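Undergrad: Input entry.txt, format and content: compact mmCIF, C-alpha atoms.
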```
# COMPACT_ATOMS: atom_id res chain seq x y z
CA MET A 170 24.58 47.87 72.07
CA PRO A 171 22.35 45.89 69.70
CA PRO A 172 18.77 45.38 70.89
CA THR A 173 17.81 42.15 72.61
CA LEU A 174 14.48 40.69 71.51
CA GLY A 175 12.02 38.56 73.45
CA ARG A 176 12.25 34.85 74.05
CA ARG A 177 10.01 34.10 71.08
CA GLN A 178 12.08 36.24 68.72
CA VAL A 179 15.36 36.36 66.85
CA LEU A 180 16.98 39.60 65.75
CA THR A 181 16.04 40.42 62.16
CA LEU A 182 19.29 40.76 60.29
CA SER A 183 18.06 42.90 57.44
CA GLY A 184 21.29 44.89 57.46
CA LEU A 185 23.57 41.96 56.72
CA ALA A 186 25.81 42.46 53.74
CA LEU A 187 24.35 39.59 51.78
CA GLY A 188 25.24 41.23 48.48
CA ALA A 189 28.88 41.40 49.50
CA GLY A 190 29.05 37.61 49.31
CA LEU A 191 29.22 37.01 53.06
CA TRP A 192 27.29 33.77 52.68
CA GLN A 193 29.13 32.17 49.79
CA ALA A 194 29.22 28.43 50.37
CA ASN A 195 32.97 28.24 49.89
CA ARG A 196 33.72 30.68 52.69
CA PRO A 197 35.16 28.90 55.77
CA ALA A 198 32.98 28.62 58.87
CA ARG A 199 35.30 30.95 60.81
CA ALA A 200 34.74 33.77 58.32
CA LEU A 201 30.99 33.22 58.47
CA ALA A 202 31.03 33.35 62.26
CA GLU A 203 33.03 36.59 62.19
CA GLY A 204 30.49 38.06 59.80
CA LEU A 205 27.65 37.14 62.15
CA ALA A 206 29.40 38.70 65.11
CA ALA A 207 30.07 41.88 63.16
CA SER A 208 26.39 42.10 62.23
CA GLY A 209 25.39 42.44 65.90
CA LEU A 210 23.44 39.18 66.11
CA VAL A 211 21.79 38.68 69.50
CA ALA A 212 20.57 35.21 70.39
CA PRO A 213 17.16 34.70 72.01
CA PRO A 214 17.44 35.14 75.79
CA ARG A 215 18.13 31.89 77.62
CA GLY A 216 15.96 30.57 80.39
CA GLY A 217 17.34 27.10 81.04
CA THR A 218 18.47 24.19 78.89
CA ARG A 219 18.81 25.11 75.21
CA LEU A 220 18.72 22.69 72.28
CA VAL A 221 19.39 23.51 68.64
CA LEU A 222 17.54 21.22 66.23
CA ILE A 223 18.66 20.65 62.64
CA SER A 224 17.90 18.05 59.97
CA ASP A 225 18.31 17.06 56.32
CA LEU A 226 21.63 18.72 55.55
CA ASN A 227 22.56 16.67 52.50
CA ALA A 228 22.77 17.78 48.89
CA ALA A 229 22.73 15.56 45.75
CA TYR A 230 23.51 11.83 45.93
CA GLY A 231 27.17 11.27 46.71
CA SER A 232 27.89 14.90 47.50
CA THR A 233 30.81 15.74 49.79
CA THR A 234 29.92 19.43 50.06
CA TYR A 235 27.00 21.47 51.42
CA ILE A 236 24.94 24.42 50.22
CA ALA A 237 25.32 27.96 51.58
CA GLU A 238 22.45 27.65 54.07
CA VAL A 239 24.17 24.75 55.84
CA HIS A 240 27.39 26.74 56.25
CA ARG A 241 25.34 29.71 57.40
CA GLY A 242 23.52 27.63 60.02
CA VAL A 243 26.72 26.00 61.29
CA ALA A 244 28.28 29.45 61.72
CA LEU A 245 25.20 30.71 63.55
CA ILE A 246 24.83 27.84 66.04
CA PRO A 247 27.74 28.67 68.41
CA SER A 248 26.38 32.19 68.95
CA LEU A 249 23.14 30.60 70.21
CA GLN A 250 25.11 28.83 72.97
CA PRO A 251 23.12 25.58 73.02
CA ASP A 252 23.64 22.86 75.59
CA LEU A 253 23.09 20.28 72.84
CA VAL A 254 22.81 20.18 69.06
CA ILE A 255 20.48 17.47 67.74
CA CYS A 256 20.42 16.42 64.09
CA ALA A 257 17.36 14.39 63.05
CA GLY A 258 19.10 12.64 60.17
CA ASP A 259 20.20 12.90 56.54
CA MET A 260 23.61 14.36 57.22
CA VAL A 261 25.11 12.79 54.10
CA ALA A 262 23.71 11.98 50.67
CA GLY A 263 23.62 8.19 50.56
CA GLN A 264 20.82 5.74 49.74
CA LYS A 265 22.07 5.13 46.21
CA ALA A 266 23.48 1.80 45.08
CA GLY A 267 27.01 1.77 43.80
CA LEU A 268 28.45 4.73 45.69
CA GLY A 269 31.11 2.46 47.16
CA ARG A 270 32.91 2.59 50.48
CA GLN A 271 35.49 5.13 49.31
CA ARG A 272 32.81 7.60 48.25
CA LEU A 273 30.77 7.00 51.41
CA ALA A 274 33.86 7.65 53.54
CA ALA A 275 34.51 10.86 51.58
CA MET A 276 30.93 11.98 52.23
CA TRP A 277 31.30 11.51 55.97
CA ALA A 278 34.68 13.26 55.86
CA GLY A 279 32.94 16.19 54.19
CA PHE A 280 30.33 16.23 56.95
CA ASP A 281 33.06 16.18 59.57
CA ARG A 282 34.88 19.02 57.86
CA SER A 283 31.85 21.26 57.27
CA VAL A 284 29.50 20.49 60.17
CA LEU A 285 30.62 18.26 63.03
CA GLY A 286 34.19 19.56 63.30
CA PRO A 287 33.27 23.25 63.61
CA LEU A 288 30.54 22.52 66.17
CA ARG A 289 32.75 20.30 68.31
CA ARG A 290 35.60 22.82 68.18
CA ALA A 291 33.10 25.30 69.58
CA GLY A 292 32.57 22.88 72.47
CA LEU A 293 29.00 21.93 71.54
CA PRO A 294 27.69 18.42 72.27
CA PHE A 295 26.22 16.78 69.16
CA ALA A 296 23.58 14.02 69.04
CA PRO A 297 22.91 12.37 65.65
CA ALA A 298 19.90 10.37 64.48
CA MET A 299 20.18 8.20 61.39
CA GLY A 300 18.15 9.16 58.31
CA ASN A 301 17.27 7.28 55.15
CA HIS A 302 20.19 8.93 53.33
CA ASP A 303 22.64 8.16 56.17
CA ALA A 304 21.88 4.55 56.96
CA SER A 305 18.48 3.45 55.70
CA GLY A 306 16.88 0.70 57.75
CA ALA A 307 14.87 -0.54 54.76
CA ARG A 308 15.16 -4.31 54.34
CA SER A 309 14.52 -6.92 51.69
CA GLY A 310 14.91 -10.64 52.17
CA GLY A 311 16.18 -10.10 55.68
CA ARG A 312 19.03 -7.84 54.55
CA PHE A 313 19.50 -4.09 54.62
CA LEU A 314 19.02 -2.64 51.15
CA PHE A 315 21.82 -0.14 51.80
CA GLU A 316 24.09 -2.17 54.02
CA ASP A 317 27.22 -0.28 52.93
CA ASP A 318 25.61 2.99 54.04
CA ARG A 319 24.84 1.59 57.49
CA ARG A 320 28.27 0.08 57.88
CA GLU A 321 30.04 3.33 57.00
CA ALA A 322 27.73 5.41 59.22
CA SER A 323 28.42 3.05 62.10
CA ARG A 324 32.17 3.21 61.52
CA PHE A 325 32.16 7.01 61.43
CA TRP A 326 30.05 7.59 64.54
CA ARG A 327 31.41 4.83 66.76
CA ALA A 328 34.92 6.19 66.27
CA ARG A 329 33.68 9.54 67.61
CA ARG A 330 31.13 8.45 70.22
CA ASP A 331 33.20 9.37 73.24
CA ALA A 332 34.20 12.75 71.76
CA LEU A 333 30.69 14.09 71.11
CA GLY A 334 30.22 15.61 74.57
CA LEU A 335 27.21 13.38 75.34
CA THR A 336 26.19 11.94 78.71
CA PHE A 337 24.86 8.50 77.88
CA VAL A 338 22.09 6.91 79.91
CA ASP A 339 22.05 3.89 77.61
CA SER A 340 24.41 3.63 74.63
CA GLY A 341 22.08 1.06 73.04
CA ASP A 342 23.32 0.38 69.52
CA PHE A 343 24.86 3.80 68.91
CA PRO A 344 24.38 5.59 66.53
CA PHE A 345 21.18 3.78 65.55
CA HIS A 346 19.51 4.00 68.94
CA TYR A 347 20.64 5.35 72.32
CA ALA A 348 19.57 7.63 75.19
CA ILE A 349 21.29 10.65 76.76
CA ARG A 350 20.68 13.12 79.58
CA GLN A 351 21.85 16.69 78.97
CA LYS A 352 21.00 18.93 81.96
CA GLU A 353 17.19 18.96 82.25
CA ALA A 354 16.58 17.13 78.99
CA PHE A 355 16.32 13.37 78.55
CA VAL A 356 16.65 12.50 74.86
CA LEU A 357 15.99 9.08 73.38
CA VAL A 358 17.04 8.51 69.75
CA TRP A 359 15.58 5.58 67.83
CA ASP A 360 16.14 4.24 64.32
CA ALA A 361 13.36 5.80 62.25
CA SER A 362 15.46 5.77 59.07
CA SER A 363 12.69 3.73 57.46
CA ALA A 364 8.95 3.53 58.09
CA THR A 365 9.28 0.80 60.72
CA VAL A 366 10.99 1.22 64.06
CA PRO A 367 12.16 -2.34 64.87
CA ALA A 368 10.13 -4.16 67.52
CA GLU A 369 13.21 -4.82 69.66
CA GLN A 370 13.91 -1.08 69.72
CA LEU A 371 10.38 -0.36 70.88
CA ARG A 372 10.85 -2.81 73.76
CA TRP A 373 14.17 -1.12 74.54
CA ALA A 374 12.50 2.31 74.44
CA GLU A 375 9.78 1.14 76.85
CA ARG A 376 12.42 -0.01 79.32
CA VAL A 377 14.65 3.08 79.08
CA LEU A 378 11.75 5.55 79.24
CA ALA A 379 10.52 3.81 82.39
CA GLY A 380 13.96 4.14 84.03
CA PRO A 381 14.99 6.66 86.69
CA ALA A 382 17.05 8.87 84.36
CA ALA A 383 14.02 9.49 82.16
CA ARG A 384 11.50 9.83 85.01
CA SER A 385 13.63 12.36 86.87
CA ALA A 386 14.28 14.59 83.84
CA GLY A 387 12.55 17.94 83.47
CA ARG A 388 11.61 17.07 79.89
CA ARG A 389 11.59 13.86 77.87
CA LEU A 390 12.06 14.00 74.10
CA VAL A 391 12.32 11.31 71.43
CA VAL A 392 14.12 11.88 68.13
CA GLY A 393 13.78 9.95 64.87
CA HIS A 394 14.07 10.79 61.20
CA LEU A 395 10.62 9.88 59.88
CA PRO A 396 7.63 11.64 61.51
CA LEU A 397 4.35 10.35 62.89
CA ARG A 398 2.37 12.51 60.45
CA ALA A 399 3.03 14.01 57.01
CA VAL A 400 3.26 17.80 56.71
CA SER A 401 4.79 18.42 53.26
CA GLN A 402 3.84 18.05 49.64
CA GLY A 403 5.30 14.98 48.00
CA ARG A 404 5.84 13.24 51.33
CA ASP A 405 2.20 12.46 52.19
CA ARG A 406 2.21 8.75 51.47
CA PRO A 407 3.14 5.40 53.05
CA GLY A 408 6.87 4.97 53.50
CA GLU A 409 7.42 8.69 54.11
CA VAL A 410 5.93 8.55 57.63
CA LEU A 411 6.17 5.99 60.40
CA ALA A 412 3.92 2.96 60.25
CA GLN A 413 1.48 2.39 63.14
CA PRO A 414 1.65 6.01 64.34
CA ALA A 415 -1.18 5.58 66.86
CA ALA A 416 0.69 2.81 68.69
CA LEU A 417 3.89 4.87 68.72
CA GLN A 418 2.01 7.92 70.01
CA GLN A 419 0.53 5.82 72.81
CA LEU A 420 3.97 4.49 73.76
CA LEU A 421 5.40 8.00 74.00
CA GLU A 422 2.45 9.44 75.90
CA ARG A 423 2.42 6.49 78.29
CA HIS A 424 5.93 7.41 79.41
CA GLY A 425 5.38 11.15 79.63
CA VAL A 426 7.36 12.05 76.51
CA GLU A 427 6.54 15.64 75.71
CA ALA A 428 7.90 16.01 72.19
CA TYR A 429 8.83 13.97 69.15
CA VAL A 430 11.46 15.60 66.91
CA SER A 431 11.70 14.47 63.30
CA GLY A 432 13.02 15.42 59.88
CA HIS A 433 12.51 13.93 56.41
CA GLN A 434 9.53 16.09 55.43
CA HIS A 435 11.81 19.05 54.58
CA ALA A 436 9.20 21.50 55.92
CA TYR A 437 9.02 23.23 59.30
CA PHE A 438 5.77 22.75 61.19
CA PRO A 439 5.39 22.62 65.00
CA ALA A 440 2.27 20.55 65.72
CA ARG A 441 0.25 19.10 68.58
CA LEU A 442 -0.98 15.52 68.49
CA GLY A 443 -2.82 14.46 71.62
CA ARG A 444 -0.41 15.19 74.48
CA LEU A 445 2.61 15.26 72.17
CA ASP A 446 4.34 18.23 70.60
CA LEU A 447 5.61 17.30 67.14
CA PHE A 448 8.54 19.33 65.86
CA HIS A 449 8.76 18.70 62.12
CA LEU A 450 12.11 20.24 61.21
CA GLY A 451 12.67 21.93 57.90
CA ALA A 452 15.57 20.95 55.69
CA MET A 453 18.80 22.76 56.48
CA GLY A 454 20.20 21.59 53.16
CA SER A 455 18.87 20.98 49.66
CA GLY A 456 15.25 20.41 48.69
CA PRO A 457 12.98 22.31 51.10
CA ARG A 458 9.29 21.53 50.50
CA ARG A 459 5.98 23.33 50.71
CA LEU A 460 3.59 22.50 53.52
CA LEU A 461 0.46 20.54 52.61
CA GLY A 462 -2.08 22.72 50.89
CA GLN A 463 0.21 25.77 50.82
CA ALA A 464 1.67 27.76 47.93
CA THR A 465 4.30 29.71 49.89
CA ASN A 466 7.85 29.17 48.64
CA PRO A 467 9.80 26.72 50.83
CA PHE A 468 12.97 27.65 52.71
CA GLN A 469 15.74 26.16 54.88
CA THR A 470 15.40 26.36 58.66
CA LEU A 471 17.10 25.99 62.02
CA THR A 472 15.15 25.60 65.29
CA VAL A 473 16.07 26.65 68.83
CA LEU A 474 14.21 24.83 71.62
CA ASP A 475 14.46 26.33 75.11
CA LEU A 476 13.38 24.61 78.31
CA VAL A 477 12.35 27.58 80.45
CA GLY A 478 10.65 28.13 83.79
CA SER A 479 9.93 25.76 86.66
CA PRO A 480 8.61 23.29 85.78
CA PRO A 481 10.22 23.92 82.40
CA ARG A 482 8.09 24.51 79.33
CA LEU A 483 9.18 24.20 75.71
CA VAL A 484 9.68 27.44 73.79
CA ASP A 485 10.62 27.06 70.13
CA THR A 486 12.14 29.72 67.89
CA SER A 487 12.89 28.95 64.24
CA VAL A 488 14.91 30.90 61.70
CA ASP A 489 14.69 31.08 57.91
CA LEU A 490 18.32 30.43 56.93
CA ARG A 491 17.98 32.28 53.64
CA THR A 492 17.02 35.58 55.27
CA LEU A 493 18.04 34.98 58.92
CA ARG A 494 14.61 36.21 59.95
CA ARG A 495 12.54 34.60 62.67
CA ILE A 496 9.66 32.49 61.38
CA ASP A 497 6.45 33.93 62.80
CA PRO A 498 4.38 30.92 63.95
CA SER A 499 1.17 32.86 63.43
CA ARG A 500 1.98 32.95 59.70
CA LEU A 501 1.91 29.16 59.55
CA PRO A 502 -1.38 27.34 58.86
CA ARG A 503 -3.53 26.67 61.92
CA THR A 504 -4.04 23.10 60.70
CA LEU A 505 -2.79 20.76 58.00
CA SER A 506 -4.82 17.95 56.44
CA ASP A 507 -3.17 14.87 54.98
CA ALA A 508 -4.35 12.58 52.19
CA ALA A 509 -6.26 10.44 54.68
CA GLY A 510 -8.22 13.49 55.83
CA ARG A 511 -6.57 13.61 59.26
CA VAL A 512 -6.23 17.12 60.66
CA LEU A 513 -3.01 18.10 62.42
CA PRO A 514 -3.21 21.37 64.43
CA ARG A 515 -0.35 23.77 64.80
CA ARG A 516 1.30 23.73 68.20
CA PRO A 517 0.06 26.55 70.45
CA ASP A 518 2.68 29.27 70.88
CA GLY A 519 4.98 28.38 73.78
```
Go ahead and render the structure in this file as structure tokens.
TA:
Amino acid sequence: MPPTLGRRQVLTLSGLALGAGLWQANRPARALAEGLAASGLVAPPRGGTRLVLISDLNAAYGSTTYIAEVHRGVALIPSLQPDLVICAGDMVAGQKAGLGRQRLAAMWAGFDRSVLGPLRRAGLPFAPAMGNHDASGARSGGRFLFEDDRREASRFWRARRDALGLTFVDSGDFPFHYAIRQKEAFVLVWDASSATVPAEQLRWAERVLAGPAARSAGRRLVVGHLPLRAVSQGRDRPGEVLAQPAALQQLLERHGVEAYVSGHQHAYFPARLGRLDLFHLGAMGSGPRRLLGQATNPFQTLTVLDLVGSPPRLVDTSVDLRTLRRIDPSRLPRTLSDAAGRVLPRRPDG
């Protein structure tokens, strides 16, 4: 039997037949999954509720297809047996004027074909958050700059809401904001597809986080596309992070939220800010970025988050999707410093 590694590890798949073309992007997900099974992949041992976290899947503007690492990750996820898959945004490649409804619909059909369909056929609940390329919340003159994107995203997700395997606490304005309870985990998703989370959503979040479903959960998490702090090169500027981060941090801490999960920065960095764990997810798709102040080549990632023990604690395990090797947290910087000179420490190992 293949060896089983510890909770903080993933089997190193150095023997995979990468040269044989196992991971070609045009191979169907079923063939990829069969290749993984044949390789002897062993998932990290489970201890309770398991979440798989992904983000930033899209390729070039208007693309209806995905790069090899996305197909690889989708094939890997069922073997991890998560209770919930969370995507922190940018599932399609919008945010470009003139794409048109037909092209936008084709993009979402491509996402359904390559990502959502295979995961749902595997019986895995899927929770989406909207990103700037899915349904940007940026406004001008009281109107959404990319209103067609938002309309098509809404059409796609609302047609599938009741088939995603989610237990809604508050359906809010799905898919832009809503709250769910999956086993021990309470997850609130808000619209951080631009730098400003709307004031009415913050009032809604206050109310829902104060409710019995949130208070009785073993762990409370909030998900949004843009992060509270920058961690990657080229994304350390206004508009690439949430405005008024201190006020948002206080809101989350006031209601006992343990972790904020975000994308957009295209670089994996688990951080600690006050009493909050910040899980900055790497890009699963095109355009991974270097961490601030680092020269190491960037790579695509997938993150497993386990709620283990009693009371449950958060244990994160992330995988480099190019090599299928576990990312050793001790190899990440102990701290990152942004352009404003603020220091963000790495999250202590769970």
Undergrad: Where does range 224-336 of chain A meet range 376-391 of chain A within 12 Å, residue by residue, with the nearest atom pair and distance in Å to one decimal for each, counting all atoms listed in the file, listed by chain and rising number, as a Markdown table?
TA:
```
| residue | atom | partner | partner_atom | distance |
| --- | --- | --- | --- | --- |
| A:Ile255 | CA | A:Val391 | CA | 10.9 |
| A:Ala257 | CA | A:Val391 | CA | 10.3 |
| A:Ala296 | CA | A:Val391 | CA | 11.8 |
| A:Ala298 | CA | A:Val391 | CA | 10.3 |
| A:Thr336 | CA | A:Ala382 | CA | 11.2 |
```
Undergrad: Quick one: pull the distance between CA of Tyr437 in chain A and CA of Asn227 in chain A, Å, one decimal.
TA: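 About the pair CA of Tyr437 in chain A and CA of Asn227 in chain A: they are 16.5 Å apart.
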Undergrad: Looking at all atoms listed in the file, which of A:Arg319, A:Arg441, A:His240, A:Lys265 is the one that sits closest to Gly300 in chain A?
TA: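 So, comparing all the options, the nearest one is A:Arg319.
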Undergrad: Rounded to one decimal, what separation in Å do you get between CA of His394 in chain A and CA of Asp259 in chain A?
TA: 8.0 Å
Undergrad: To one decimal in Å, tell me the separation between CA of Val239 in chain A and CA of Ala307 in chain A.
TA: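 Between these atoms lies a distance of 27.0 Å.
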Undergrad: Identify, on the basis of all atoms listed in the file, every residue whose closest approach to Leu445 in chain A does not exceed 7 Å; exclude the query and any residue fewer than 5 positions from it along the same chain; express the result as an NGL selection string.
TA: :A and (422 or 427-428)
Undergrad: Which residue gives the smallest distance to Val366 in chain A among A:Leu417, A:Ala332, A:Ile349, A:Leu253, with all atoms listed in the file counted?
TA: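 The closest residue to Val366 in chain A is A:Leu417.
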Undergrad: Which is closer to Pro294 in chain A than all the others in A:Pro251, A:Pro396, A:Gly267, A:Gly279, using only C-alpha atoms?
TA: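 Of A:Pro251, A:Pro396, A:Gly267, A:Gly279, the one nearest Pro294 in chain A is A:Pro251, counting only C-alpha atoms.
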Undergrad: Please determine, counting only C-alpha atoms, which residue among A:Ala364, A:Arg503, A:Ala275, A:Gly242 has the shortest atom-to-atom distance to Ala452 in chain A.
TA: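 Result for the nearest residue to Ala452 in chain A: A:Gly242.
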Undergrad: Go through A:Ala262, A:Leu450, A:Ala291, A:Ala354 one by one, measure the shortest atom-to-atom distance of each to Ala322 in chain A using all atoms listed in the file, and give the residue with the smallest value.
TA: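 Ranked by minimum distance to Ala322 in chain A, first place goes to A:Ala262.
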Undergrad: Would you pick out the contacts of Gly231 in chain A at 7 Å or less, using all atoms listed in the file, so that residues sharing its chain but fewer than 3 positions from it are not included, and give the list as a list in words?
TA: Ala262, Gly263, Leu268, Arg272 and Met276 of chain A
Undergrad: How would range 476-504 of chain A look with N, CA and C atoms restored, written as a PDB file, in the frame of the given file?
TA:
```pdb
ATOM      1  N   LEU A 476      14.129  25.117  77.171  1.00  0.00           N
ATOM      2  CA  LEU A 476      13.380  24.610  78.310  1.00  0.00           C
ATOM      3  C   LEU A 476      13.446  25.671  79.378  1.00  0.00           C
ATOM      4  N   VAL A 477      12.336  26.407  79.576  1.00  0.00           N
ATOM      5  CA  VAL A 477      12.350  27.580  80.450  1.00  0.00           C
ATOM      6  C   VAL A 477      11.330  27.415  81.564  1.00  0.00           C
ATOM      7  N   GLY A 478      11.589  28.108  82.685  1.00  0.00           N
ATOM      8  CA  GLY A 478      10.650  28.130  83.790  1.00  0.00           C
ATOM      9  C   GLY A 478      10.792  26.920  84.686  1.00  0.00           C
ATOM     10  N   SER A 479       9.939  26.866  85.701  1.00  0.00           N
ATOM     11  CA  SER A 479       9.930  25.760  86.660  1.00  0.00           C
ATOM     12  C   SER A 479       8.474  25.452  87.046  1.00  0.00           C
ATOM     13  N   PRO A 480       7.941  24.299  86.611  1.00  0.00           N
ATOM     14  CA  PRO A 480       8.610  23.290  85.780  1.00  0.00           C
ATOM     15  C   PRO A 480       8.843  23.841  84.375  1.00  0.00           C
ATOM     16  N   PRO A 481       9.875  23.333  83.697  1.00  0.00           N
ATOM     17  CA  PRO A 481      10.220  23.920  82.400  1.00  0.00           C
ATOM     18  C   PRO A 481       9.156  23.675  81.346  1.00  0.00           C
ATOM     19  N   ARG A 482       8.956  24.667  80.484  1.00  0.00           N
ATOM     20  CA  ARG A 482       8.090  24.510  79.330  1.00  0.00           C
ATOM     21  C   ARG A 482       8.944  24.665  78.082  1.00  0.00           C
ATOM     22  N   LEU A 483       8.439  24.167  76.965  1.00  0.00           N
ATOM     23  CA  LEU A 483       9.180  24.200  75.710  1.00  0.00           C
ATOM     24  C   LEU A 483       8.830  25.456  74.932  1.00  0.00           C
ATOM     25  N   VAL A 484       9.859  26.228  74.589  1.00  0.00           N
ATOM     26  CA  VAL A 484       9.680  27.440  73.790  1.00  0.00           C
ATOM     27  C   VAL A 484      10.527  27.284  72.539  1.00  0.00           C
ATOM     28  N   ASP A 485       9.879  27.262  71.368  1.00  0.00           N
ATOM     29  CA  ASP A 485      10.620  27.060  70.130  1.00  0.00           C
ATOM     30  C   ASP A 485      10.697  28.347  69.319  1.00  0.00           C
ATOM     31  N   THR A 486      11.863  28.578  68.753  1.00  0.00           N
ATOM     32  CA  THR A 486      12.140  29.720  67.890  1.00  0.00           C
ATOM     33  C   THR A 486      12.831  29.194  66.651  1.00  0.00           C
ATOM     34  N   SER A 487      12.279  29.447  65.476  1.00  0.00           N
ATOM     35  CA  SER A 487      12.890  28.950  64.240  1.00  0.00           C
ATOM     36  C   SER A 487      13.274  30.099  63.336  1.00  0.00           C
ATOM     37  N   VAL A 488      14.310  29.866  62.540  1.00  0.00           N
ATOM     38  CA  VAL A 488      14.910  30.900  61.700  1.00  0.00           C
ATOM     39  C   VAL A 488      14.921  30.424  60.249  1.00  0.00           C
ATOM     40  N   ASP A 489      14.538  31.297  59.338  1.00  0.00           N
ATOM     41  CA  ASP A 489      14.690  31.080  57.910  1.00  0.00           C
ATOM     42  C   ASP A 489      16.161  31.328  57.570  1.00  0.00           C
ATOM     43  N   LEU A 490      16.877  30.305  57.151  1.00  0.00           N
ATOM     44  CA  LEU A 490      18.320  30.430  56.930  1.00  0.00           C
ATOM     45  C   LEU A 490      18.661  31.175  55.649  1.00  0.00           C
ATOM     46  N   ARG A 491      17.695  31.456  54.811  1.00  0.00           N
ATOM     47  CA  ARG A 491      17.980  32.280  53.640  1.00  0.00           C
ATOM     48  C   ARG A 491      18.010  33.764  54.002  1.00  0.00           C
ATOM     49  N   THR A 492      17.129  34.158  54.915  1.00  0.00           N
ATOM     50  CA  THR A 492      17.020  35.580  55.270  1.00  0.00           C
ATOM     51  C   THR A 492      17.524  35.882  56.667  1.00  0.00           C
ATOM     52  N   LEU A 493      17.718  34.840  57.503  1.00  0.00           N
ATOM     53  CA  LEU A 493      18.040  34.980  58.920  1.00  0.00           C
ATOM     54  C   LEU A 493      16.956  35.772  59.672  1.00  0.00           C
ATOM     55  N   ARG A 494      15.734  35.622  59.233  1.00  0.00           N
ATOM     56  CA  ARG A 494      14.610  36.210  59.950  1.00  0.00           C
ATOM     57  C   ARG A 494      13.877  35.119  60.720  1.00  0.00           C
ATOM     58  N   ARG A 495      13.358  35.511  61.868  1.00  0.00           N
ATOM     59  CA  ARG A 495      12.540  34.600  62.670  1.00  0.00           C
ATOM     60  C   ARG A 495      11.284  34.224  61.892  1.00  0.00           C
ATOM     61  N   ILE A 496      10.907  32.953  61.977  1.00  0.00           N
ATOM     62  CA  ILE A 496       9.660  32.490  61.380  1.00  0.00           C
ATOM     63  C   ILE A 496       8.536  32.773  62.359  1.00  0.00           C
ATOM     64  N   ASP A 497       7.588  33.580  61.950  1.00  0.00           N
ATOM     65  CA  ASP A 497       6.450  33.930  62.800  1.00  0.00           C
ATOM     66  C   ASP A 497       5.470  32.772  62.806  1.00  0.00           C
ATOM     67  N   PRO A 498       5.285  32.070  63.948  1.00  0.00           N
ATOM     68  CA  PRO A 498       4.380  30.920  63.950  1.00  0.00           C
ATOM     69  C   PRO A 498       2.962  31.257  63.529  1.00  0.00           C
ATOM     70  N   SER A 499       2.534  32.488  63.787  1.00  0.00           N
ATOM     71  CA  SER A 499       1.170  32.860  63.430  1.00  0.00           C
ATOM     72  C   SER A 499       0.970  32.929  61.922  1.00  0.00           C
ATOM     73  N   ARG A 500       2.074  32.944  61.154  1.00  0.00           N
ATOM     74  CA  ARG A 500       1.980  32.950  59.700  1.00  0.00           C
ATOM     75  C   ARG A 500       1.870  31.533  59.134  1.00  0.00           C
ATOM     76  N   LEU A 501       2.070  30.540  59.980  1.00  0.00           N
ATOM     77  CA  LEU A 501       1.910  29.160  59.550  1.00  0.00           C
ATOM     78  C   LEU A 501       0.435  28.770  59.601  1.00  0.00           C
ATOM     79  N   PRO A 502       0.018  27.774  58.815  1.00  0.00           N
ATOM     80  CA  PRO A 502      -1.380  27.340  58.860  1.00  0.00           C
ATOM     81  C   PRO A 502      -1.780  26.887  60.259  1.00  0.00           C
ATOM     82  N   ARG A 503      -3.040  27.140  60.627  1.00  0.00           N
ATOM     83  CA  ARG A 503      -3.530  26.670  61.920  1.00  0.00           C
ATOM     84  C   ARG A 503      -3.640  25.150  61.954  1.00  0.00           C
ATOM     85  N   THR A 504      -3.940  24.556  60.809  1.00  0.00           N
ATOM     86  CA  THR A 504      -4.040  23.100  60.700  1.00  0.00           C
ATOM     87  C   THR A 504      -3.525  22.665  59.337  1.00  0.00           C
TER      88      THR A 504
END
```
